[in-house]
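The data block below is entry.txt; it holds compact mmCIF, C-alpha atoms.
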# COMPACT_ATOMS: atom_id res chain seq x y z
CA MET A 7 -9.10 -17.62 3.91
CA SER A 8 -12.42 -16.55 5.38
CA THR A 9 -13.82 -13.04 4.94
CA THR A 10 -13.03 -12.30 8.60
CA GLU A 11 -9.39 -13.30 8.13
CA ILE A 12 -9.05 -11.20 4.99
CA PHE A 13 -10.67 -8.25 6.79
CA LEU A 14 -8.16 -8.57 9.65
CA LEU A 15 -5.32 -8.72 7.14
CA ALA A 16 -6.59 -5.48 5.58
CA MET A 17 -6.81 -3.86 9.03
CA LEU A 18 -3.24 -4.97 9.76
CA LEU A 19 -2.05 -3.19 6.61
CA ILE A 20 -4.02 -0.06 7.51
CA PHE A 21 -2.49 0.32 10.97
CA VAL A 22 1.01 -1.14 10.56
CA VAL A 23 2.27 0.25 7.23
CA PRO A 24 1.65 4.00 7.87
CA PHE A 25 3.04 3.76 11.41
CA LEU A 26 6.26 2.09 10.25
CA VAL A 27 6.74 4.65 7.45
CA TRP A 28 6.11 7.52 9.89
CA ARG A 29 8.28 6.18 12.73
CA LEU A 30 11.18 4.67 10.76
CA GLY A 31 11.15 7.45 8.16
CA ARG A 32 10.98 10.15 10.87
CA THR A 33 8.59 12.19 8.72
CA GLU A 34 7.07 14.19 11.60
CA TYR A 35 8.57 17.52 10.48
CA VAL A 36 7.22 17.30 6.93
CA ALA A 37 4.32 14.87 7.32
CA PRO A 38 2.57 14.14 10.66
CA LEU A 39 1.17 10.63 11.11
CA VAL A 40 -2.27 11.69 9.88
CA ILE A 41 -0.75 12.84 6.54
CA VAL A 42 1.27 9.62 6.21
CA GLN A 43 -1.96 7.67 6.76
CA ILE A 44 -3.66 9.62 3.97
CA ILE A 45 -0.72 9.00 1.62
CA MET A 46 -0.67 5.30 2.51
CA GLY A 47 -4.40 5.17 1.79
CA ILE A 48 -3.61 6.36 -1.73
CA VAL A 49 -0.71 3.91 -2.07
CA LEU A 50 -2.88 0.98 -0.95
CA GLY A 51 -5.58 2.01 -3.44
CA PRO A 52 -6.17 0.67 -6.96
CA GLY A 53 -3.96 3.27 -8.65
CA VAL A 54 -0.71 2.15 -6.97
CA LEU A 55 -0.88 -1.20 -5.15
CA GLY A 56 -3.79 -2.30 -7.34
CA ALA A 57 -1.81 -1.52 -10.50
CA ALA A 58 1.34 -3.26 -9.23
CA PHE A 59 -0.35 -6.34 -7.74
CA PRO A 60 -3.88 -6.50 -9.17
CA GLU A 61 -4.67 -10.07 -8.06
CA TYR A 62 -3.44 -9.51 -4.51
CA HIS A 63 -5.32 -6.21 -4.32
CA ARG A 64 -8.57 -7.82 -5.47
CA PHE A 65 -8.08 -10.63 -2.95
CA VAL A 66 -7.52 -8.39 0.09
CA PHE A 67 -9.90 -5.57 -0.83
CA ASN A 68 -12.78 -7.66 -2.11
CA ALA A 69 -16.37 -6.41 -2.10
CA ASP A 70 -17.28 -7.84 1.33
CA VAL A 71 -14.19 -6.43 3.01
CA VAL A 72 -14.65 -3.02 1.41
CA LYS A 73 -18.27 -2.86 2.62
CA THR A 74 -17.15 -3.57 6.17
CA LEU A 75 -14.35 -1.00 5.99
CA ASN A 76 -16.73 1.60 4.57
CA GLY A 77 -19.14 1.08 7.47
CA ILE A 78 -16.36 1.67 10.01
CA ALA A 79 -15.12 4.67 8.01
CA GLN A 80 -18.57 6.28 7.92
CA TRP A 81 -18.99 6.02 11.68
CA GLY A 82 -15.50 7.37 12.29
CA VAL A 83 -15.92 10.36 10.01
CA MET A 84 -19.34 11.17 11.53
CA LEU A 85 -17.75 11.35 14.98
CA PHE A 86 -14.86 13.41 13.63
CA VAL A 87 -17.11 15.95 11.90
CA MET A 88 -19.35 16.21 14.98
CA LEU A 89 -16.30 16.98 17.14
CA ALA A 90 -15.18 19.61 14.63
CA GLY A 91 -18.58 21.25 15.08
CA VAL A 92 -18.40 21.07 18.88
CA GLU A 93 -14.95 22.70 18.86
CA LEU A 94 -16.19 25.84 17.09
CA ASP A 95 -16.09 28.77 19.52
CA LEU A 96 -18.31 31.38 17.87
CA LYS A 97 -18.40 33.50 21.04
CA LYS A 98 -14.76 34.47 20.53
CA VAL A 99 -15.45 35.12 16.86
CA TRP A 100 -18.21 37.55 17.85
CA GLN A 101 -15.96 39.29 20.36
CA TYR A 102 -13.43 40.07 17.60
CA ARG A 103 -16.03 40.16 14.83
CA ARG A 104 -14.56 42.87 12.56
CA GLU A 105 -11.07 41.41 12.43
CA SER A 106 -12.40 37.84 12.18
CA ALA A 107 -14.92 38.66 9.44
CA VAL A 108 -12.42 40.57 7.29
CA THR A 109 -9.67 37.96 7.58
CA ALA A 110 -11.93 34.92 7.25
CA GLY A 111 -13.82 36.49 4.35
CA LEU A 112 -10.69 37.32 2.36
CA SER A 113 -8.83 34.11 3.21
CA LEU A 114 -11.86 32.11 2.06
CA GLY A 115 -13.08 34.34 -0.79
CA LEU A 116 -9.86 34.74 -2.77
CA PRO A 117 -8.90 31.03 -2.88
CA LEU A 118 -12.55 30.28 -3.69
CA LEU A 119 -12.34 32.57 -6.73
CA CYS A 120 -8.96 31.12 -7.73
CA GLY A 121 -10.32 27.59 -7.30
CA CYS A 122 -13.38 28.40 -9.42
CA ALA A 123 -11.08 29.72 -12.14
CA ALA A 124 -9.05 26.49 -11.96
CA ALA A 125 -12.31 24.49 -12.18
CA LEU A 126 -13.25 26.34 -15.38
CA VAL A 127 -9.86 25.40 -16.85
CA LEU A 128 -10.36 21.74 -15.91
CA MET A 129 -13.91 21.79 -17.25
CA SER A 130 -12.60 22.59 -20.73
CA TYR A 131 -11.20 19.03 -20.83
CA PRO A 132 -13.29 15.84 -20.58
CA GLY A 133 -13.26 13.57 -17.56
CA TRP A 134 -13.25 16.06 -14.68
CA MET A 135 -16.90 16.95 -14.12
CA GLY A 136 -19.20 14.33 -12.56
CA ALA A 137 -22.17 12.81 -14.35
CA SER A 138 -24.78 14.44 -12.06
CA ALA A 139 -23.16 17.88 -11.77
CA ALA A 140 -24.44 21.17 -13.07
CA ILE A 141 -21.66 23.51 -14.22
CA TRP A 142 -22.16 25.81 -11.22
CA GLN A 143 -22.01 22.87 -8.80
CA PHE A 144 -18.72 21.59 -10.18
CA THR A 145 -17.22 25.08 -10.29
CA LEU A 146 -18.34 26.08 -6.79
CA GLY A 147 -17.52 22.67 -5.29
CA THR A 148 -13.99 22.60 -6.72
CA GLY A 149 -13.45 26.23 -5.75
CA MET A 150 -14.56 25.61 -2.18
CA ALA A 151 -12.31 22.53 -1.95
CA CYS A 152 -9.41 24.90 -2.71
CA ALA A 153 -10.60 27.35 -0.04
CA VAL A 154 -11.09 24.84 2.79
CA THR A 155 -9.11 25.20 6.02
CA ALA A 156 -9.03 21.99 8.07
CA LEU A 157 -9.74 23.15 11.61
CA PRO A 158 -8.85 19.85 13.38
CA VAL A 159 -5.57 19.49 11.46
CA LEU A 160 -4.83 23.17 12.08
CA VAL A 161 -5.13 22.53 15.82
CA LEU A 162 -2.55 19.71 15.53
CA LEU A 163 -0.16 21.94 13.56
CA LEU A 164 -0.51 24.88 15.96
CA GLU A 165 0.18 22.52 18.84
CA LYS A 166 3.26 21.18 17.05
CA LEU A 167 4.51 24.74 16.46
CA ASP A 168 3.85 25.59 20.13
CA ILE A 169 1.52 28.54 19.44
CA LEU A 170 -1.89 26.91 20.02
CA ARG A 171 -2.48 28.63 23.39
CA GLN A 172 -0.77 31.89 22.38
CA PRO A 173 -2.71 34.93 21.07
CA MET A 174 -1.69 34.39 17.44
CA GLY A 175 -2.79 30.75 17.58
CA GLN A 176 -6.15 31.72 19.05
CA ARG A 177 -6.64 34.36 16.37
CA ILE A 178 -5.93 31.84 13.60
CA LEU A 179 -8.46 29.44 15.14
CA ARG A 180 -11.10 32.20 15.08
CA TYR A 181 -10.50 32.82 11.37
CA ALA A 182 -10.60 29.10 10.61
CA SER A 183 -13.82 28.67 12.63
CA LEU A 184 -15.68 31.21 10.49
CA ASP A 185 -14.34 29.57 7.33
CA ASP A 186 -15.52 26.19 8.63
CA VAL A 187 -19.09 27.45 9.03
CA ALA A 188 -19.02 28.96 5.53
CA ILE A 189 -17.68 25.73 4.02
CA TRP A 190 -20.57 23.65 5.33
CA GLY A 191 -23.05 26.36 4.32
CA VAL A 192 -21.76 26.28 0.74
CA LEU A 193 -21.85 22.49 0.77
CA ALA A 194 -25.51 22.57 1.81
CA LEU A 195 -26.18 24.96 -1.10
CA ILE A 196 -24.43 22.64 -3.56
CA MET A 197 -26.42 19.68 -2.22
CA LEU A 198 -29.80 21.40 -2.66
CA ASP A 199 -32.05 19.21 -4.77
CA TRP A 200 -35.08 21.03 -6.13
CA GLU A 201 -36.90 17.73 -6.56
CA ARG A 202 -36.51 17.14 -2.82
CA ILE A 203 -36.70 20.75 -1.65
CA GLY A 204 -39.74 19.93 0.49
CA ARG A 205 -37.79 17.28 2.36
CA GLN A 206 -34.83 19.61 2.81
CA LEU A 207 -36.95 22.46 4.14
CA GLY A 208 -38.71 19.97 6.40
CA PHE A 209 -35.35 18.75 7.74
CA ILE A 210 -34.14 22.30 8.42
CA LEU A 211 -37.39 23.20 10.21
CA ALA A 212 -37.38 19.99 12.27
CA PHE A 213 -33.70 20.48 13.12
CA ALA A 214 -34.35 24.03 14.36
CA VAL A 215 -37.24 22.96 16.59
CA LEU A 216 -35.52 19.83 17.93
CA THR A 217 -32.30 21.76 18.62
CA VAL A 218 -34.16 23.90 21.19
CA LEU A 219 -35.49 20.78 22.91
CA PHE A 220 -32.16 18.98 22.66
CA ARG A 221 -30.25 21.84 24.31
CA ARG A 222 -32.77 22.03 27.15
CA VAL A 223 -32.50 18.30 27.77
CA MET A 224 -28.68 18.31 27.67
CA THR A 225 -28.38 21.02 30.34
CA ARG A 226 -30.49 18.90 32.71
CA LEU A 227 -28.56 15.65 32.27
CA ARG A 228 -25.59 14.32 34.18
CA ARG A 229 -22.31 14.64 32.27
CA ASP A 230 -21.96 10.86 31.75
CA ASP A 231 -25.49 10.63 30.30
CA ARG A 232 -24.84 13.48 27.89
CA TRP A 233 -22.48 11.35 25.80
CA TYR A 234 -25.17 8.76 25.02
CA VAL A 235 -27.74 11.43 24.15
CA ALA A 236 -25.16 13.26 22.02
CA LEU A 237 -24.42 10.11 20.01
CA ALA A 238 -28.14 9.45 19.48
CA TRP A 239 -28.54 13.09 18.39
CA LEU A 240 -25.62 12.69 15.97
CA ILE A 241 -27.13 9.61 14.34
CA ALA A 242 -30.60 11.20 14.10
CA CYS A 243 -29.23 14.40 12.50
CA ALA A 244 -27.06 12.45 10.06
CA PHE A 245 -30.01 10.25 9.08
CA GLY A 246 -32.32 13.26 8.63
CA ALA A 247 -29.81 15.14 6.48
CA ASP A 248 -29.13 12.11 4.28
CA TRP A 249 -32.85 11.37 3.93
CA ALA A 250 -33.36 14.98 2.83
CA GLY A 251 -30.58 14.70 0.26
CA LEU A 252 -28.06 16.95 2.03
CA HIS A 253 -25.60 14.10 2.89
CA PHE A 254 -25.14 12.57 6.31
CA MET A 255 -21.93 14.51 7.00
CA VAL A 256 -23.80 17.82 6.78
CA GLY A 257 -26.10 16.48 9.47
CA ALA A 258 -23.11 15.35 11.56
CA PHE A 259 -21.61 18.83 11.48
CA LEU A 260 -24.93 20.46 12.37
CA ALA A 261 -25.32 18.01 15.25
CA GLY A 262 -21.98 19.10 16.67
CA VAL A 263 -22.20 22.83 16.07
CA VAL A 264 -25.28 23.21 18.32
CA MET A 265 -23.51 21.47 21.23
CA ASP A 266 -21.46 23.32 23.86
CA ALA A 267 -17.97 22.01 24.62
CA ASP A 268 -18.41 22.67 28.35
CA TRP A 269 -21.23 20.11 28.48
CA PHE A 270 -18.59 17.39 28.24
CA GLY A 271 -15.34 18.93 29.49
CA GLN A 272 -12.41 19.88 27.27
CA GLU A 273 -10.23 17.06 28.54
CA GLN A 274 -12.79 14.39 27.61
CA LEU A 275 -13.41 16.00 24.21
CA ASP A 276 -9.68 16.05 23.48
CA ALA A 277 -9.42 12.40 24.55
CA LEU A 278 -12.28 11.37 22.24
CA PHE A 279 -10.77 13.35 19.37
CA ARG A 280 -7.41 11.60 19.81
CA ASN A 281 -9.07 8.19 20.04
CA VAL A 282 -11.15 8.77 16.89
CA LEU A 283 -7.96 9.77 15.05
CA LEU A 284 -6.16 6.71 16.40
CA VAL A 285 -8.82 4.01 16.10
CA LEU A 286 -11.26 4.96 13.33
CA MET A 287 -9.86 7.58 10.95
CA PRO A 288 -7.07 5.36 9.50
CA VAL A 289 -9.85 3.15 8.12
CA PHE A 290 -11.45 6.24 6.54
CA PHE A 291 -8.12 7.14 4.90
CA LEU A 292 -7.86 3.66 3.41
CA SER A 293 -11.45 3.73 2.15
CA THR A 294 -10.65 7.15 0.64
CA GLY A 295 -7.58 5.73 -1.08
CA LEU A 296 -9.67 2.94 -2.59
CA ARG A 297 -11.69 5.59 -4.46
CA THR A 298 -8.73 7.20 -6.24
CA ARG A 299 -8.39 6.88 -10.02
CA TRP A 300 -5.52 8.03 -12.22
CA ASP A 301 -6.56 7.55 -15.84
CA LEU A 302 -8.53 10.32 -17.52
CA GLY A 303 -8.30 8.59 -20.86
CA GLY A 304 -7.35 10.22 -24.12
CA GLY A 305 -3.74 9.11 -23.68
CA MET A 306 -3.04 11.62 -20.86
CA GLY A 307 -3.49 9.25 -17.92
CA THR A 308 -1.65 9.93 -14.68
CA TYR A 309 0.08 13.07 -15.99
CA ALA A 310 -3.25 14.85 -16.37
CA VAL A 311 -4.22 14.04 -12.76
CA PHE A 312 -0.91 15.40 -11.43
CA ALA A 313 -1.22 18.47 -13.66
CA GLY A 314 -4.74 19.07 -12.33
CA ALA A 315 -3.50 18.67 -8.75
CA ALA A 316 -0.70 21.18 -9.38
CA LEU A 317 -3.15 23.71 -10.82
CA LEU A 318 -5.46 23.32 -7.82
CA LEU A 319 -2.52 23.59 -5.40
CA VAL A 320 -1.39 26.88 -6.95
CA ALA A 321 -4.95 28.22 -6.80
CA SER A 322 -5.35 27.16 -3.18
CA VAL A 323 -2.04 28.34 -1.74
CA GLY A 324 -1.87 31.49 -3.88
CA GLY A 325 -5.43 32.47 -3.00
CA LYS A 326 -4.93 31.94 0.75
CA LEU A 327 -1.71 33.96 0.81
CA ALA A 328 -3.23 36.77 -1.24
CA GLY A 329 -6.27 36.89 1.05
CA ALA A 330 -4.15 36.99 4.22
CA HIS A 331 -1.86 39.72 2.87
CA LEU A 332 -4.84 41.83 1.79
CA ALA A 333 -6.41 41.41 5.24
CA GLY A 334 -3.09 42.36 6.83
CA ARG A 335 -2.99 45.60 4.88
CA MET A 336 -6.56 46.48 5.76
CA LEU A 337 -6.10 45.68 9.47
CA GLY A 338 -2.59 47.05 9.90
CA TRP A 339 -0.77 43.84 10.79
CA LYS A 340 2.97 43.90 11.38
CA SER A 341 5.52 42.69 8.84
CA GLY A 342 5.65 38.91 8.46
CA GLU A 343 2.37 38.25 10.27
CA ALA A 344 0.23 37.87 7.15
CA SER A 345 2.59 35.30 5.66
CA VAL A 346 2.49 33.09 8.78
CA ILE A 347 -1.31 33.31 9.02
CA GLY A 348 -1.80 32.70 5.29
CA TRP A 349 0.34 29.56 5.29
CA LEU A 350 -1.32 28.13 8.37
CA LEU A 351 -4.82 28.78 7.01
CA GLN A 352 -4.06 26.94 3.76
CA SER A 353 -3.49 23.59 5.51
CA LYS A 354 -6.22 21.27 4.22
CA GLY A 355 -5.97 17.74 5.59
CA LEU A 356 -9.12 15.94 6.66
CA ILE A 357 -11.93 18.45 6.08
CA GLU A 358 -11.00 18.94 2.42
CA ILE A 359 -10.89 15.17 1.94
CA ILE A 360 -14.29 14.79 3.62
CA PHE A 361 -15.62 17.61 1.43
CA ALA A 362 -14.25 15.94 -1.71
CA ASN A 363 -15.72 12.59 -0.65
CA ILE A 364 -19.17 14.16 -0.51
CA LEU A 365 -18.74 15.71 -3.96
CA LEU A 366 -17.71 12.30 -5.29
CA ASP A 367 -20.65 10.57 -3.57
CA LYS A 368 -23.05 12.97 -5.28
CA GLN A 369 -21.27 12.53 -8.65
CA ILE A 370 -20.40 16.22 -8.83
CA ILE A 371 -16.76 15.32 -9.49
CA THR A 372 -15.18 12.23 -11.03
CA SER A 373 -12.75 9.87 -9.33
CA GLU A 374 -9.91 11.55 -11.22
CA THR A 375 -10.90 14.99 -9.91
CA PHE A 376 -11.19 13.45 -6.45
CA THR A 377 -7.64 12.11 -6.78
CA ALA A 378 -6.33 15.53 -7.86
CA LEU A 379 -8.08 17.19 -4.89
CA LEU A 380 -6.64 14.54 -2.56
CA LEU A 381 -3.11 15.20 -3.85
CA MET A 382 -3.69 18.94 -3.47
CA ALA A 383 -4.81 18.48 0.16
CA VAL A 384 -1.78 16.36 1.00
CA GLY A 385 0.63 18.76 -0.74
CA SER A 386 -0.76 21.91 0.89
CA THR A 387 -0.73 20.35 4.38
CA MET A 388 2.81 18.97 3.99
CA LEU A 389 4.09 22.41 2.97
CA THR A 390 2.73 24.12 6.08
CA VAL A 391 5.16 23.22 8.87
CA PRO A 392 8.42 23.42 6.83
CA VAL A 393 7.41 26.86 5.49
CA VAL A 394 5.93 28.29 8.69
CA HIS A 395 8.58 27.09 11.16
CA PRO A 396 11.41 29.41 9.97
CA LYS A 397 8.93 32.28 9.53
CA LEU A 398 7.79 31.88 13.14
CA HIS A 399 11.41 31.84 14.28
CA ARG A 400 11.90 35.24 12.64
CA VAL A 401 8.70 36.88 13.86
CA ARG A 402 9.24 35.69 17.45
CA HIS A 403 12.04 38.24 17.71
CA THR A 404 9.56 41.03 16.94
CA GLY A 405 7.07 39.86 19.59
CA LEU A 406 4.33 39.06 17.06
CA VAL A 407 3.50 35.60 18.33
CA GLY A 408 2.74 36.76 21.83
CA GLN A 409 0.52 39.66 20.83
CA ALA A 410 -3.26 39.70 20.52
CA SER A 411 -5.02 41.62 17.79
CA SER A 412 -8.10 43.65 18.55
Could I get this file's structure written as structure tokens?
Amino acid sequence: MSTTEIFLLAMLLIFVVPFLVWRLGRTEYVAPLVIVQIIMGIVLGPGVLGAAFPEYHRFVFNADVVKTLNGIAQWGVMLFVMLAGVELDLKKVWQYRRESAVTAGLSLGLPLLCGCAAALVLMSYPGWMGASAAIWQFTLGTGMACAVTALPVLVLLLEKLDILRQPMGQRILRYASLDDVAIWGVLALIMLDWERIGRQLGFILAFAVLTVLFRRVMTRLRRDDRWYVALAWLIACAFGADWAGLHFMVGAFLAGVVMDADWFGQEQLDALFRNVLLVLMPVFFLSTGLRTRWDLGGGMGTYAVFAGAALLLVASVGGKLAGAHLAGRMLGWKSGEASVIGWLLQSKGLIEIIFANILLDKQIITSETFTALLLMAVGSTMLTVPVVHPKLHRVRHTGLVGQASS
């Protein structure tokens, strides 16, 4: 078979297998399609399919095919991260700044501390910390991976629970928006390279100046033309960030966060978001699955990876719930509200996986740590709807869902 034929065979697996599992297995309540795609990416990776059928796996996912898939995945994830930046509504955050700052700070800070503690436990065993990592980078990176809230996945879950447009849903989005900004800020700190600090400062300065010009140009363009300029801006920012050593996905997020959603229209943005999820992100999930590893060595193997994932899951979920309950006490929330908010904010999904990919790219974590973080992200996201749905049913009778908080 030619490389093109093998590539098309790989693409067929990527799109057909997760869809059949999702549709025939009727997993929507526990695992939306996006989660099934992530899980299938792991299954199609070297740790599962590769271990069961090594020759077939090497044939389908050979070096040439993987390079092509990685190129598609990089473009897809750049678009996805840019859209996540565009969707941030910091004006609403400012309007409710005290409530948003307290809740976002506690719901990010406590799981960050718990995640850092879990990282210190993992670090006492070999095989978890990456070859290029300083201790503080591994600790902070793993801790932040536990604290991440996936804003795009959160939107999908809120929509599924029918509270996206209600006051509680809008409040949760405000908290998640602030956490999203903090996550990328911490990532930029972790990525700082003192040998290339001049480049990084130069990129930040150039980005600040060009952002002013970019925004002026965008307001003067026709709506159709804005899409082409926005894509060029995305590529330029991603290139500049990667050249400076900050990683191209940091640049993609910055490119999006300085854009206004009303430049494009919410309907068109939603359509692009759905199309990116449909057409490009499944390839990213597969390329992510190809990077998973299960053997730490020392005779522990797969059990150690699952044990690490369980430890990180406890740190993540426990920290989020503790942060939400503490915020609820400080702000006087009604009974049951903190639990709903805490569970929804702990959904990880795509942003955590993107975050972990960057840490792996920079050799801050190993492939085994990456696998544990991936399992933690899948587990925390799959728990969200089954746990929150009955809680929402109870609090609806008290009128919580329909109330806004000041």
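CA of Leu112 in chain A is found 25.7 Å from CA of His399 in chain A.
The two atoms in question, CA of Val161 in chain A and CA of Gly191 in chain A, are spaced 21.6 Å apart.
Minimum atom-to-atom distance to Ser113 in chain A, evaluated using all atoms listed in the file, belongs to A:Leu184 out of A:Leu184, A:Ala69, A:Leu237, A:Leu381.
With distances taken over all atoms listed in the file, A:Leu163 is the one residue among A:Leu317, A:Leu163, A:Ala277, A:Phe213 lying closest to Val36 in chain A.
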Neighbour list for range 370-373 of chain A as a ChimeraX atom specification, cut-off 7 Å, all atoms listed in the file, skip fewer than 2 positions in-chain: /A:133-139,143-144,297-299,365-366,368,375-377
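Here CA of Trp269 in chain A stands at a distance of 18.8 Å from CA of Cys243 in chain A.
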Judged by only C-alpha atoms, the minimum distance to Gly295 in chain A among A:Asp70, A:Glu374, A:Glu61, A:Glu11 is found for A:Glu374
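With all atoms listed in the file as the atoms that count, the minimum distance from Glu105 in chain A to the choices A:Ile196, A:Leu337, A:Leu260, A:Leu398 is reached by A:Leu337.
Distances here use only C-alpha atoms; by that measure, the residue among A:Ile359, A:Leu162, A:Leu240, A:Val394 closest to Val264 in chain A is A:Leu240.
If you measure from each of A:Lys354, A:Lys97, A:Arg228, A:His253 to Leu198 in chain A using only C-alpha atoms, the closest one turns out to be A:His253.
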In the coordinate frame of the file, compute which residues have an atom within 12 Å of (0.6, -1.5, 4.7) when using only C-alpha atoms, and state them as a PyMOL selection string. chain A and resi 15-28+42-51+55+63+66+288-289+292
Which residues of range 311-364 of chain A come within 12 Å of range 72-96 of chain A, and for each one, what is the closest pair of atoms and their distance in Å to one decimal, counting only C-alpha atoms, sorted by chain and residue number, as a tab-separated table?
residue	atom	partner	partner_atom	distance
A:Leu356	CA	A:Phe86	CA	9.4
A:Ile357	CA	A:Val87	CA	8.2
A:Glu358	CA	A:Val87	CA	11.7
A:Ile359	CA	A:Val83	CA	10.7
A:Ile360	CA	A:Val83	CA	7.9
A:Phe361	CA	A:Val87	CA	10.7
A:Asn363	CA	A:Val83	CA	10.9
A:Ile364	CA	A:Gln80	CA	11.6
All residues 8 Å or closer to range 117-128 of chain A, all atoms listed in the file, same chain fewer than 6 positions away omitted, as a VMD selection string: chain A and resid 134 144 to 146 148 to 153 314 317 to 318 321 to 326 329
